[in-house]
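Participant: Before we start, here is the structure in question, set down as structure tokens.
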Amino acid sequence: MFISIVSNTGFRLKNNTMNSKNIIRMKTKIFKQNPLYRVANESLVILCLAFLFTLFISCSTSETQTVAKFKTITMQDEFDIDGQPNSLIWTYDIGGNGWGNNELQFYTNRSNNVTVQNGYLLITAEKENFEGASYTSSRILTKGLFEQKYGRFEARIKLPWGQGLWPAFWLLGSDIDDVQWPNCGEIDIMENRGQEPTLISGTVHGPGYSGGESITKSYSLTNDRFDTDFHIFGIEWAPDYINYYVDDVLYNQITPADVTGEWVFNKPFFIIINLAVGGNYVGSPNTETVFPQTMLVDYVRVYKADIINN
Amino acid sequence: MKNIKFMHSKTALLLGLLFFTIVSCERDASNQLEFATYSSNGEVFIDGFSGGLDYYPFLGSYLEAFSVDTETKYKGSSAMRFDVPNVGDPNGAYAGAIFRVDSPRDLTGYDALTFWAKGTRGGLINEIGFGQDFFENKFQVSMSLQLTTNWRKYVIPIPDPAKLVQERGMFWFAEGPENNEGYTFWIDELQFEKLGTIAQPQPAISNGVDKSDSGFTGVDMPVTGLTQTFNLESGNNITVNAAPSYFNFNSSNEDVAFVNELGIVSVLSEGTAKITATLGGVSAKGSLELTSVGAFDFAPIPTRPASNVTSIFSDSYTNSPVDFFNGYWEPYQTTQSTEFAIDGNNMISYTDFNFVGNQFANPTVNATVKSNLHINMYIPNSVPADMDFLITVVDFGADQADGGGDDTRQQVFFDKSLWVPNTWITLEFPITMDNKNNIGLIIYENINFSSLSNWYLDNVYFYSE
């Protein structure tokens, strides 16, 4: 069993699951390979105690806690077939209208902007004049194809780099066309500014807490960067919380108590992966920004939330 | 995909095992050989010199520029203090030194030299880096660095840490006065670190440009503009000058030219070769396309009898004493010069030319009898369309020294139609000024915005018919 410690709300232990890869590992070498969720700023002693405590809990679960388990895969794209992304899962946003953020790129579904190669999804931003824009890139989404309420959403991604690049892995409420943004809700699992190679943010937007008033927290790597290797960006989303992860580190939890408006996260959402160029969030590329820039996605996996009321 | 990779690693493991077995049958290497190991200590100056570190100031610098300061420091008990002298300081014109360790260190585990620094003013340190050891300086790195008056942390990345298996040059710098004024700066917590956030290398040769140049068989030339650029944790790029030995050079035609590890191109025969490079496996931006026009054409060998000649620069005569072939006159002169020889024939190459002087005042030349001047000039590649050239001959007068109110000069203008590219041209003219018994200086000069940049000089002598 994995554990996580939620430090911003005092100590509270919760049983979590792991992704399928870890399950396979566990069968062979439980204790050596099992990476306990690494907890920033917590002592080893606490970690050990917590581990013992978890073992205890898993034998006899607490009577008062509501627990979500994220064991069952509901959607999985390993990007193992070269060519266009799987059309049963992904569709495209196409256009160059700035997307509400004064973004500079024109999104296309051309293979030089989006393709699957050698086991990876490649979303590539190019500097080229196209349909009145100075850059092209791509934005793929599961709208109308895969939408889910609650669960673990994760992707393993190597980010591009450089001033003015804005890669993101995020969710939008499926009712966006009926209720509009921000009423539909938005869960940003990962956003990065290319000029901040060690930093990403996780955010929720909703009615009364969108844009500059969104609920957000950043996570930075120590002695490492997001553009030199793959990292897993994930959320675990249940009725009363959204937990944010980078790799095995839980760095934030957002609950209904944290948002300054209605909690709009009790309905299905769809997934978006995109690489924007320029815009309000990052500013424009400069002469040092190297193009093309590619965001590499190893996989996207979604698990169902099994809610257990004890 | 992943399964295939896994299979590969299994195969490799198996092969490795087999190999190991074979090796261990033949000889037990680990018991017989001792591999040299070097200290991997990354500390240079934390609160004092790290083990084996010594201070070697540059010749001509203010030798006392460096001291250990226990009052002003960033952290701990002391910092390195550097006092840059004022202009005209008789004790030295600038501050500059290397800090070298006795025994080499293995720096392969680090990715940058880091330190905290501040100055009494926001000086721009001309050159700062590591890898200079007063031996080969093979892995020298330098950059300029803008100080502030507050303590700030600075990072000088290592172009390719894998190269620094045994490095002695821990730190070096050279800094002159700012606006003629000296000042003081401090450096503390100087050490090699593994930051892990230095990434996205963008090496370059020829300053990142695809450059063309011509050369001659037998004439070596350096690949220049060698840099390495990294993106730092701050998101900013930083560029350092990297020594040639960090690069692996490649020639598209090794029959025409090849490059050694010191970045020197040897031109072997007529033809064209494109020089490219990699650094740490990354292709460097920029190239050098070198066209060898074949054997170097020498200046005509003078035929006048030595008794009729007073020579300043020629292999055919005994030359008079010369003070300099380039006075590096400040602040406007840009001309650089190199004396070079091919097959024993000495020439002077002027590059970045705007004007330059040859001075020979000890003693001056009496051209009363040998009253003509002979000069050979060679312009490689092409003669600029706007070329306009002036030669000035200066008589230093009775004081036999430049200036003093008794100097006289003769100016001779040359039409550009005289020159043909890649050909030695002979310029001869009589000295017609009244005073010509104390000639001490010849000045060559671009005038009227002439853009002549590179040329060679040979056979400068006064003669009588």
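Chain labels run A, B, ... following the order of the structure tokens; each chain numbers its residues from 1, and ligands are numbered from 1 in the order shown.
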Contacts from chain A to chain B, 9 Å maximum, only C-alpha atoms: show me the residue list as an NGL selection string.

Facilitator: :A and (80 or 118-119 or 161-163 or 194-198 or 222-225 or 227-228 or 288)

Participant: I'd like the contact shell of stretch 278-280 of chain B - 9 Å cut-off, only C-alpha atoms, skipping same-chain residues fewer than 3 positions apart - returned as an MDAnalysis selection string.

Facilitator: chainID B and resid 159:163 201:204 228 246:250 283:285

Participant: So that I have them on file, write out the residues from the current selection with N, CA and C atoms, as a tab-separated table (two decimals), in the first residue's frame.

Facilitator:
```tsv
chain	number	residue	atom	x	y	z
B	159	PRO	N	31.87	23.54	-19.96
B	159	PRO	CA	31.37	23.19	-21.30
B	159	PRO	C	31.10	21.70	-21.47
B	160	ASP	N	31.99	20.85	-20.93
B	160	ASP	CA	31.79	19.40	-20.96
B	160	ASP	C	32.55	18.80	-19.78
B	161	PRO	N	31.86	18.52	-18.68
B	161	PRO	CA	32.55	18.04	-17.47
B	161	PRO	C	33.37	16.77	-17.71
B	162	ALA	N	32.97	15.95	-18.68
B	162	ALA	CA	33.69	14.69	-18.93
B	162	ALA	C	35.15	14.93	-19.27
B	163	LYS	N	35.47	16.13	-19.73
B	163	LYS	CA	36.86	16.43	-20.12
B	163	LYS	C	37.76	16.71	-18.91
B	201	PRO	N	22.64	22.43	-23.99
B	201	PRO	CA	23.87	22.98	-24.55
B	201	PRO	C	23.70	23.42	-26.00
B	202	GLN	N	24.29	24.56	-26.33
B	202	GLN	CA	24.29	25.05	-27.71
B	202	GLN	C	25.71	25.50	-28.07
B	203	PRO	N	26.61	24.53	-28.32
B	203	PRO	CA	27.98	24.91	-28.66
B	203	PRO	C	28.04	25.62	-30.01
B	204	ALA	N	29.11	26.40	-30.22
B	204	ALA	CA	29.28	27.10	-31.49
B	204	ALA	C	30.76	27.24	-31.83
B	228	GLN	N	30.41	27.85	-25.71
B	228	GLN	CA	29.38	26.91	-25.26
B	228	GLN	C	28.31	27.72	-24.52
B	246	TYR	N	37.79	21.23	-25.82
B	246	TYR	CA	36.46	20.74	-25.46
B	246	TYR	C	35.73	20.18	-26.69
B	247	PHE	N	36.18	20.59	-27.87
B	247	PHE	CA	35.47	20.25	-29.11
B	247	PHE	C	36.12	19.05	-29.80
B	248	ASN	N	35.32	18.35	-30.58
B	248	ASN	CA	35.85	17.39	-31.55
B	248	ASN	C	35.61	18.00	-32.93
B	249	PHE	N	36.70	18.22	-33.65
B	249	PHE	CA	36.58	18.87	-34.95
B	249	PHE	C	36.52	17.83	-36.06
B	250	ASN	N	35.87	18.23	-37.14
B	250	ASN	CA	35.76	17.35	-38.30
B	250	ASN	C	36.04	18.15	-39.56
B	283	SER	N	26.18	18.83	-31.90
B	283	SER	CA	26.74	19.53	-33.05
B	283	SER	C	26.84	21.02	-32.76
B	284	ALA	N	28.00	21.57	-33.06
B	284	ALA	CA	28.20	23.01	-32.83
B	284	ALA	C	27.60	23.79	-33.99
B	285	LYS	N	26.97	24.89	-33.66
B	285	LYS	CA	26.47	25.81	-34.66
B	285	LYS	C	27.66	26.50	-35.31
```

Participant: Would you pick out the contacts of A:Ile235 at 6 Å or less, using only C-alpha atoms, so that residues sharing its chain but fewer than 4 positions from it are not included, and give the list as a ChimeraX atom specification?

Facilitator: /A:152-153,243-245

Participant: Include C-alpha atoms and write out the residues we just selected as an mmCIF file, in the first residue's frame.

Facilitator:
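Wrote part20.cif, looks like this:
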```cif
data_model
loop_
_atom_site.group_PDB
_atom_site.id
_atom_site.type_symbol
_atom_site.label_atom_id
_atom_site.label_comp_id
_atom_site.auth_asym_id
_atom_site.auth_seq_id
_atom_site.Cartn_x
_atom_site.Cartn_y
_atom_site.Cartn_z
ATOM 1 C CA ARG A 152 -6.411 9.688 -11.156
ATOM 2 C CA PHE A 153 -5.326 11.515 -14.312
ATOM 3 C CA ASN A 243 -4.467 16.085 -4.855
ATOM 4 C CA TYR A 244 -1.598 17.266 -7.052
ATOM 5 C CA TYR A 245 1.460 15.131 -7.746
#
```

Participant: Please identify all polymer residues within 12 Å of A:Thr108, counting only C-alpha atoms, omitting same-chain residues fewer than 3 positions from it, and present them as a list in words.

Facilitator: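 What passes the distance filter is Thr91, Tyr92, Asp93, Ile94, Gly95, Gly96, Gln105, Ser111, Asn112, Asn113, Val114, Thr115, Ile123, Thr124, Ala125, Glu126, Phe130, Glu131, Ala133, Tyr135, Thr136, Ser137, Ser138, Arg139, Ile140, Asn274, Leu275 and Ala276 of chain A.
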
Participant: What would the file look like if the residues just selected were written as a compact mmCIF listing (two decimals), in the first residue's frame with N, CA and C atoms?

Facilitator:
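What ended up in again-v3.txt:
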```
# COMPACT_ATOMS: atom_id res chain seq x y z
N THR A 91 -9.15 14.39 -30.28
CA THR A 91 -9.56 15.29 -31.35
C THR A 91 -8.70 16.55 -31.25
N TYR A 92 -8.98 17.55 -32.08
CA TYR A 92 -8.09 18.71 -32.13
C TYR A 92 -8.85 20.01 -31.97
N ASP A 93 -8.22 20.96 -31.31
CA ASP A 93 -8.65 22.35 -31.42
C ASP A 93 -7.78 22.96 -32.50
N ILE A 94 -8.40 23.56 -33.49
CA ILE A 94 -7.63 24.12 -34.60
C ILE A 94 -7.94 25.60 -34.70
N GLY A 95 -6.91 26.41 -34.87
CA GLY A 95 -7.15 27.83 -35.05
C GLY A 95 -6.09 28.70 -34.40
N GLY A 96 -6.25 30.01 -34.62
CA GLY A 96 -5.22 30.94 -34.14
C GLY A 96 -5.80 32.20 -33.56
N GLN A 105 0.29 31.30 -31.35
CA GLN A 105 0.37 30.21 -32.31
C GLN A 105 -0.96 29.96 -33.02
N SER A 111 1.12 16.82 -39.26
CA SER A 111 2.03 15.90 -38.57
C SER A 111 3.29 16.61 -38.06
N ASN A 112 3.66 17.76 -38.63
CA ASN A 112 4.84 18.44 -38.08
C ASN A 112 4.52 19.13 -36.75
N ASN A 113 3.24 19.30 -36.44
CA ASN A 113 2.87 19.86 -35.14
C ASN A 113 2.42 18.80 -34.15
N VAL A 114 1.84 17.69 -34.65
CA VAL A 114 1.41 16.64 -33.73
C VAL A 114 1.54 15.29 -34.41
N THR A 115 2.25 14.38 -33.75
CA THR A 115 2.44 13.05 -34.31
C THR A 115 2.85 12.09 -33.20
N ILE A 123 4.26 16.92 -29.54
CA ILE A 123 3.59 18.17 -29.90
C ILE A 123 4.68 19.21 -30.10
N THR A 124 4.76 19.73 -31.32
CA THR A 124 5.91 20.56 -31.69
C THR A 124 5.47 21.96 -32.07
N ALA A 125 6.09 22.93 -31.43
CA ALA A 125 5.86 24.33 -31.79
C ALA A 125 6.92 24.75 -32.80
N GLU A 126 6.45 25.29 -33.93
CA GLU A 126 7.39 25.74 -34.95
C GLU A 126 7.25 27.24 -35.16
N PHE A 130 1.90 31.15 -40.69
CA PHE A 130 0.83 30.23 -41.07
C PHE A 130 -0.51 30.86 -40.70
N GLU A 131 -1.36 31.06 -41.70
CA GLU A 131 -2.70 31.59 -41.46
C GLU A 131 -2.65 32.87 -40.61
N ALA A 133 -0.50 33.74 -38.40
CA ALA A 133 0.22 33.61 -37.13
C ALA A 133 1.71 33.40 -37.42
N TYR A 135 3.64 31.45 -35.42
CA TYR A 135 4.05 30.15 -34.90
C TYR A 135 2.92 29.15 -35.14
N THR A 136 3.28 27.87 -35.21
CA THR A 136 2.27 26.82 -35.24
C THR A 136 2.55 25.85 -34.11
N SER A 137 1.50 25.16 -33.68
CA SER A 137 1.66 24.15 -32.64
C SER A 137 0.41 23.29 -32.68
N SER A 138 0.15 22.55 -31.59
CA SER A 138 -1.03 21.70 -31.59
C SER A 138 -1.64 21.61 -30.20
N ARG A 139 -2.95 21.32 -30.22
CA ARG A 139 -3.70 21.19 -28.97
C ARG A 139 -4.67 20.03 -29.18
N ILE A 140 -4.46 18.93 -28.46
CA ILE A 140 -5.33 17.77 -28.62
C ILE A 140 -6.19 17.62 -27.37
N ASN A 274 -1.59 20.59 -24.68
CA ASN A 274 -1.22 21.56 -25.71
C ASN A 274 0.11 22.22 -25.40
N LEU A 275 0.67 22.82 -26.45
CA LEU A 275 1.89 23.61 -26.31
C LEU A 275 1.61 24.97 -26.95
N ALA A 276 1.39 25.96 -26.09
CA ALA A 276 1.13 27.31 -26.60
C ALA A 276 2.44 28.07 -26.75
```

Participant: Extract, using only C-alpha atoms, all DNA, RNA and protein residues at most 12 Å from A:Phe265, discarding same-chain residues fewer than 2 positions from it, and format them as JSON, numbers by chain.

Facilitator: {"A": [148, 149, 150, 151, 171, 172, 173, 174, 175, 182, 183, 184, 185, 186, 187, 204, 205, 206, 207, 237, 238, 239, 240, 241, 242, 254, 255, 256, 259, 261, 262, 263, 267, 268, 269, 270]}

Participant: From the DSSP assignment of the backbone, select every residue of stretch 41-186 of chain A that is strand (DSSP E), and format the answer as number ranges by chain.

Facilitator: A: 66-69, 73-77, 91-92, 105-107, 114-117, 120-130, 133-137, 139-141, 147-148, 151-158, 165-173, 186

Participant: For those residues, write C-alpha atoms to a file as an mmCIF file, in the first residue's frame.

Facilitator:
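Just written: selection32.cif:
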```cif
data_model
loop_
_atom_site.group_PDB
_atom_site.id
_atom_site.type_symbol
_atom_site.label_atom_id
_atom_site.label_comp_id
_atom_site.auth_asym_id
_atom_site.auth_seq_id
_atom_site.Cartn_x
_atom_site.Cartn_y
_atom_site.Cartn_z
ATOM 1 C CA THR A 66 -14.011 8.223 3.225
ATOM 2 C CA VAL A 67 -11.363 6.694 1.064
ATOM 3 C CA ALA A 68 -10.872 6.743 -2.675
ATOM 4 C CA LYS A 69 -8.855 4.116 -4.471
ATOM 5 C CA ILE A 73 -7.626 1.974 -15.536
ATOM 6 C CA THR A 74 -10.395 3.566 -17.568
ATOM 7 C CA MET A 75 -8.361 5.164 -20.320
ATOM 8 C CA GLN A 76 -4.795 4.621 -21.339
ATOM 9 C CA ASP A 77 -2.822 5.868 -24.316
ATOM 10 C CA THR A 91 -9.563 15.286 -31.355
ATOM 11 C CA TYR A 92 -8.090 18.712 -32.134
ATOM 12 C CA GLN A 105 0.373 30.214 -32.310
ATOM 13 C CA PHE A 106 -2.011 28.748 -34.841
ATOM 14 C CA TYR A 107 -3.013 25.240 -33.742
ATOM 15 C CA VAL A 114 1.407 16.638 -33.734
ATOM 16 C CA THR A 115 2.440 13.052 -34.314
ATOM 17 C CA VAL A 116 3.167 9.776 -32.556
ATOM 18 C CA GLN A 117 6.682 8.423 -33.011
ATOM 19 C CA TYR A 120 5.838 9.069 -27.746
ATOM 20 C CA LEU A 121 3.325 11.738 -28.591
ATOM 21 C CA LEU A 122 5.186 14.741 -30.006
ATOM 22 C CA ILE A 123 3.588 18.166 -29.901
ATOM 23 C CA THR A 124 5.911 20.557 -31.690
ATOM 24 C CA ALA A 125 5.855 24.333 -31.791
ATOM 25 C CA GLU A 126 7.387 25.743 -34.954
ATOM 26 C CA LYS A 127 8.305 29.264 -35.901
ATOM 27 C CA GLU A 128 6.628 29.741 -39.286
ATOM 28 C CA ASN A 129 4.118 32.077 -40.848
ATOM 29 C CA PHE A 130 0.826 30.226 -41.066
ATOM 30 C CA ALA A 133 0.224 33.612 -37.126
ATOM 31 C CA SER A 134 4.003 33.540 -36.576
ATOM 32 C CA TYR A 135 4.046 30.150 -34.897
ATOM 33 C CA THR A 136 2.268 26.817 -35.240
ATOM 34 C CA SER A 137 1.660 24.154 -32.639
ATOM 35 C CA ARG A 139 -3.702 21.186 -28.971
ATOM 36 C CA ILE A 140 -5.328 17.770 -28.617
ATOM 37 C CA LEU A 141 -8.332 16.964 -26.444
ATOM 38 C CA GLU A 147 -14.867 12.331 -20.225
ATOM 39 C CA GLN A 148 -14.759 11.255 -16.605
ATOM 40 C CA GLY A 151 -10.169 9.558 -10.717
ATOM 41 C CA ARG A 152 -6.411 9.688 -11.156
ATOM 42 C CA PHE A 153 -5.326 11.515 -14.312
ATOM 43 C CA GLU A 154 -1.644 11.276 -15.079
ATOM 44 C CA ALA A 155 0.779 11.811 -17.934
ATOM 45 C CA ARG A 156 4.508 11.269 -18.248
ATOM 46 C CA ILE A 157 5.951 14.256 -20.059
ATOM 47 C CA LYS A 158 9.264 15.815 -21.022
ATOM 48 C CA LEU A 165 6.693 28.424 -24.434
ATOM 49 C CA TRP A 166 3.665 27.311 -22.469
ATOM 50 C CA PRO A 167 3.053 23.562 -22.312
ATOM 51 C CA ALA A 168 0.025 22.312 -20.390
ATOM 52 C CA PHE A 169 -1.803 19.122 -19.377
ATOM 53 C CA TRP A 170 -5.268 20.030 -18.093
ATOM 54 C CA LEU A 171 -8.963 19.251 -17.806
ATOM 55 C CA LEU A 172 -12.095 21.218 -18.664
ATOM 56 C CA GLY A 173 -15.662 20.595 -17.480
ATOM 57 C CA GLU A 186 -10.847 23.873 -15.140
#
```

Participant: With only C-alpha atoms as the counted atoms, please give the residues lying no more than 6 Å from stretch 44-46 of chain B, apart from itself and same-chain residues fewer than 3 positions off, as a ChimeraX atom specification.

Facilitator: /B:49-50,189-191

Participant: Keeping only all heavy atoms, write the selected residues as a compact mmCIF listing (two decimals), in the first residue's frame.

Facilitator:
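out02.txt, freshly written:
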```txt
# COMPACT_ATOMS: atom_id res chain seq x y z
N PHE B 49 42.29 28.90 1.37
CA PHE B 49 42.70 28.10 0.22
C PHE B 49 42.40 26.63 0.48
O PHE B 49 42.74 26.10 1.54
CB PHE B 49 44.20 28.27 -0.02
CG PHE B 49 44.56 29.50 -0.80
CD1 PHE B 49 43.68 30.56 -0.89
CD2 PHE B 49 45.78 29.58 -1.46
CE1 PHE B 49 44.01 31.68 -1.61
CE2 PHE B 49 46.12 30.70 -2.18
CZ PHE B 49 45.24 31.76 -2.26
N SER B 50 41.79 25.97 -0.48
CA SER B 50 41.63 24.52 -0.36
C SER B 50 42.97 23.87 -0.63
O SER B 50 43.91 24.51 -1.12
CB SER B 50 40.57 24.03 -1.33
OG SER B 50 40.99 24.21 -2.66
N GLU B 189 32.93 31.63 -1.26
CA GLU B 189 32.28 30.32 -1.49
C GLU B 189 32.54 29.85 -2.93
O GLU B 189 31.64 29.44 -3.64
CB GLU B 189 30.78 30.39 -1.22
CG GLU B 189 30.42 30.94 0.15
CD GLU B 189 30.93 30.07 1.29
OE1 GLU B 189 30.55 28.89 1.36
OE2 GLU B 189 31.72 30.58 2.11
N LEU B 190 33.82 29.95 -3.32
CA LEU B 190 34.22 29.59 -4.69
C LEU B 190 34.39 28.08 -4.77
O LEU B 190 35.25 27.52 -4.08
CB LEU B 190 35.53 30.31 -5.03
CG LEU B 190 36.17 30.06 -6.39
CD1 LEU B 190 35.29 30.58 -7.51
CD2 LEU B 190 37.54 30.72 -6.44
N GLN B 191 33.57 27.44 -5.58
CA GLN B 191 33.64 25.97 -5.63
C GLN B 191 33.00 25.44 -6.90
O GLN B 191 32.19 26.09 -7.54
CB GLN B 191 32.91 25.37 -4.43
CG GLN B 191 31.43 25.76 -4.37
CD GLN B 191 30.79 25.38 -3.06
OE1 GLN B 191 30.96 24.27 -2.59
NE2 GLN B 191 30.05 26.30 -2.46
```

Participant: Determine, counting only C-alpha atoms, which protein, DNA and RNA residues have an atom within 9 Å of an atom of B:Gly131; residues of the same chain fewer than 2 positions away are not included. Present the result as a ChimeraX atom specification.

Facilitator: /B:98,100,129,133,137-142,164,167-172,243

Participant: Keeping C-alpha atoms for every residue in the selection just given, could you write it to a file as a PDB file, in the first residue's frame?

Facilitator:
```pdb
ATOM      1  CA  ILE B  98      45.448  32.104 -11.858  1.00  0.00           C
ATOM      2  CA  ARG B 100      46.223  26.468  -9.483  1.00  0.00           C
ATOM      3  CA  GLY B 129      36.815  31.455 -15.447  1.00  0.00           C
ATOM      4  CA  ASP B 133      47.106  26.475 -15.533  1.00  0.00           C
ATOM      5  CA  ASN B 137      45.470  25.712 -20.730  1.00  0.00           C
ATOM      6  CA  LYS B 138      43.737  22.924 -22.586  1.00  0.00           C
ATOM      7  CA  PHE B 139      40.373  23.284 -20.956  1.00  0.00           C
ATOM      8  CA  GLN B 140      40.362  27.008 -20.344  1.00  0.00           C
ATOM      9  CA  VAL B 141      37.005  28.697 -19.904  1.00  0.00           C
ATOM     10  CA  SER B 142      36.342  32.399 -19.653  1.00  0.00           C
ATOM     11  CA  LEU B 164      37.990  17.540 -16.663  1.00  0.00           C
ATOM     12  CA  GLU B 167      42.391  19.668 -13.993  1.00  0.00           C
ATOM     13  CA  ARG B 168      44.701  22.045 -12.166  1.00  0.00           C
ATOM     14  CA  GLY B 169      43.342  25.429 -13.172  1.00  0.00           C
ATOM     15  CA  MET B 170      40.722  26.069 -10.498  1.00  0.00           C
ATOM     16  CA  PHE B 171      40.080  29.755 -11.121  1.00  0.00           C
ATOM     17  CA  TRP B 172      41.444  32.726 -13.028  1.00  0.00           C
ATOM     18  CA  ALA B 243      39.060  26.142 -25.296  1.00  0.00           C
TER      19      ALA B 243
END
```

Participant: Using only C-alpha atoms, pick whichever of B:Asn319, B:Asn308, B:Ser453, B:Asn376 has the shortest atom-to-atom distance to B:Leu427.

Facilitator: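 Looking at the shortest contact to B:Leu427, the residue is B:Asn376.
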
Participant: Identify, with DSSP run on backbone atoms, the residues in stretch 56-288 of chain A assigned to alpha helix (DSSP H), and express the list as number ranges by chain.

Facilitator: A: 56-59, 176-179
